[in-house]
Every structure is written in structure tokens, then in C-alpha cells.
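Engineer: Structure provided below as C-alpha cells; questions to follow.
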Amino acid sequence: MIRKRLRNLFPRELPPVAPGLPPPDPTLPLYERMVGLERMSHAIFAELAEVKLMLAASTRPAPDLWRGKPTRIPGEPATRAFPKSTICRQDSFEQPYFAYWTAKIGEGLRYHRKIWEFVFILQALWERGAIRPGARGLGFGVGSESLPAWFASQGVKITATDVEADQAADAGWIASNQHAASKAALARPHLCPPDIFEANVEFQPCDMNAIPAELNGYDFCWSACAFEHLGSIEAGLTFVERSLDTLKPGGWAIHTTEYNMSSNDRTVEVGGTVLFRQRDFLELKRRLEAQGHKVAAFDFTPGEGEIDRYLDIAPYRSEPHLVLALWGHQTTSIGVIVQKKPD
């Protein structure tokens, strides 16, 4: 595979060096060789990263460690499960609050990071007293989530949003059943009686890169693995910043997204799915706190369980799936907790 790609490294017409980097000055001596070597270096790095990830993924955990697990433990919401913004880890799945929340939204228990994202959002909001009758919540990029229906069942007035249908089709969200085209697509009669859902949920299209000014005055907002699809690292950070404009003073923004565990330098900075590094979240924290908002401290500590150490590779498994290989990087989910500044 590497030989095949190396044969393509020296075409007659030399394109730019590497994604995001300009070519060297063509007046320099040995210009073509410099370009070729630079492109070779970039290609070899990508190939080596993929090989390392493939080798790491060759040891799937023994079935008795994950099949039919975690065990459902009766319990209630925790009082302080997520004091910090944190990454997805196996130990979360094995707590009573995790079983509680998965049951509330009709999800089966399994080691999958998407389920962790939903539980993180619910638990983080619950701890902060945001889920209460009469509160108002705003969901971004809700897709096929059960969260709007469950929030509505608790007496919360919900505005659910997603991209316009044509944008969703272009991005492949409709084909993969990850897009909400209407309010009806979010109904979950087993979670929320139809009359209560009808009274408490409204739906409207929304471009997360251009949030309408009329979306304001909410007690909380959320998104589950959505802002990494806005085109760039900067666009994602700007979205989190702008999402606070939709809140009342003291309101809460809870967002989850992709976290690059393998590098604080090399990453995917532009494109359909970008991967945020530790330094990107620290920059977000700096930026928001400079405006007077509160950002829960970040805990980037990787998990130590057997499932934490398993690296899933495409085509991804339905379980276990906490850490995955994506574009040559080791990634997982991360949850971000922000409170808007008071008046």
C-alpha cells in the first residue's frame, strides 16, 4: 500500500505541499525535489499513523469484558458526577446514574461513546438544576435524538433545531438517519405523551454557523457531537461562543464533540469533520472566561479500563466503541460545560 502511494508522489504537475501549507518559493534551487520530499514526509507520517492505529486495534477486548455489559445498577441521578468538562471513559458507564439516564431515554446499556454523550448532557444539566418544569431549552443539530422528547416530558419547553434538509442531504445526514426534518421526527410516545410533546416542543431549521438572533432567552442549550461538522476548528469554537448568546444570564451550555487524544499538534483543522485538541479547548476556556463566562475545568485524563484501551477502526463496531481511529488520529468524545456570565 505504501509503495503504491509513493509512486504517486512525483507527478509532472506538482500540487501544493500538504493540506494547509503553501509550496516553497519556485525560484529556490532544487524546488521540485523540495516539494517532493515535503509531500513524501507528509504522506509517510499519515501512513505510519494509520499503521500504528491498526496495530493497536488488533487486540479487541475479550467478549466477557463487554458483551452484555455494563450491568444495570439501580440508582438515581448523581449529585456531582461531572463537576468538570471531561472525556468519555469506561468508568462512567459503570455508575448507577448511567443506568438511570439510559433507561429514561430508552437506550440499552452498552459501551458506546454516543450514549455517553447523551448521559453527559442529561447528568450535567441535572446537577446544575436546569431540568425543571417551565424551563426553556434549545437543542442544536438534534438529529434523531431522544433528548427533546424526554425534556418535554419533564415540563421543559424545547426548541429543537437542525440544518436545512438540502444541507443535511449533501452532508449525508439524511442517508444515515441522523437528521431531523420536522417536529414529528422527534416524537417518542414511549417517552413523552403526544399531547405533552405537542405543547412543549417546537422545531425550526438552524445553521449553527449563523444562529438567528430570535433564538434567545433560554435556560440551557445543548448539542451532541455536532459542532465538529461546521467546517473548521475556529468555526466550532465560535459556535460555542455564540451559543451563549441564546441563554439567559446564568444559563448553561452543554456541548459534546470530537477530541484528538493522540496529538496536541497535528490534527484535522478544516473539513467535514474536524478534531479538537487539548490546546483548542484551553483556548476556548481562555476566550470565554475573558468575557466573564465560567467554563468548567477540563479533565483530559484518559481512562484506564480494558474498554478504554481498545481502539475501534472503521467500519466501526456497535460495541465496544469508546475510542476510535479517525483520519489517523486516536479520538473519543468530550463534554464541555459553560455557564453564561450573570448580569
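For the C-alpha cells, the naming scheme is as follows: chains receive sequential letters (A, B, ...) according to their order of presentation, residues are indexed from 1 within each chain, and ligands are indexed from 1 in presentation order.
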Among segment 94-249 of chain A, which ones does DSSP place in helix (DSSP H, G or I), written as a PyMOL selection string?
Structural biologist: chain A and resi 96-104+113-127+147-153+165-171+183-186+194-200+227-229+233-246
Engineer: From segment 267-323 of chain A, collect each residue whose DSSP state is strand (DSSP E or B) and return the set as a ChimeraX atom specification.
Structural biologist: /A:270-271,276,294-295,298-299,311-312,321,323
Engineer: With C-alpha atoms retained, export the selected residues as a JSON list (two decimals), in the first residue's frame.
Structural biologist:
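So the final result, stored in out05.json, reads:
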```json
[["chain", "number", "residue", "atom", "x", "y", "z"],
["A", 270, "VAL", "CA", -10.68, 22.01, 8.30],
["A", 271, "GLY", "CA", -13.25, 19.84, 6.55],
["A", 276, "PHE", "CA", -10.26, 19.36, 18.52],
["A", 294, "LYS", "CA", -17.50, 30.30, 33.60],
["A", 295, "VAL", "CA", -16.02, 27.20, 31.94],
["A", 298, "PHE", "CA", -11.09, 20.32, 31.68],
["A", 299, "ASP", "CA", -10.14, 16.78, 32.67],
["A", 311, "LEU", "CA", -9.18, 1.27, 19.63],
["A", 312, "ASP", "CA", -12.07, 0.78, 17.20],
["A", 321, "HIS", "CA", -16.80, 1.89, 20.81],
["A", 323, "VAL", "CA", -12.03, 5.28, 21.43]]
```
Engineer: At what distance in Å, to one decimal, does atom CA of Cys88 of chain A lie from atom CA of His255 of chain A?
Structural biologist: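 Computing it gives 12.9 Å between the two atoms.
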Engineer: Which residues are close to segment 73-85 of chain A, i.e. within 9 Å by only C-alpha atoms, leaving aside same-chain residues fewer than 4 positions away? Reply as an MDAnalysis selection string.
Structural biologist: chainID A and resid 92 94:101 120 123:124 126:128 295:300 334:338
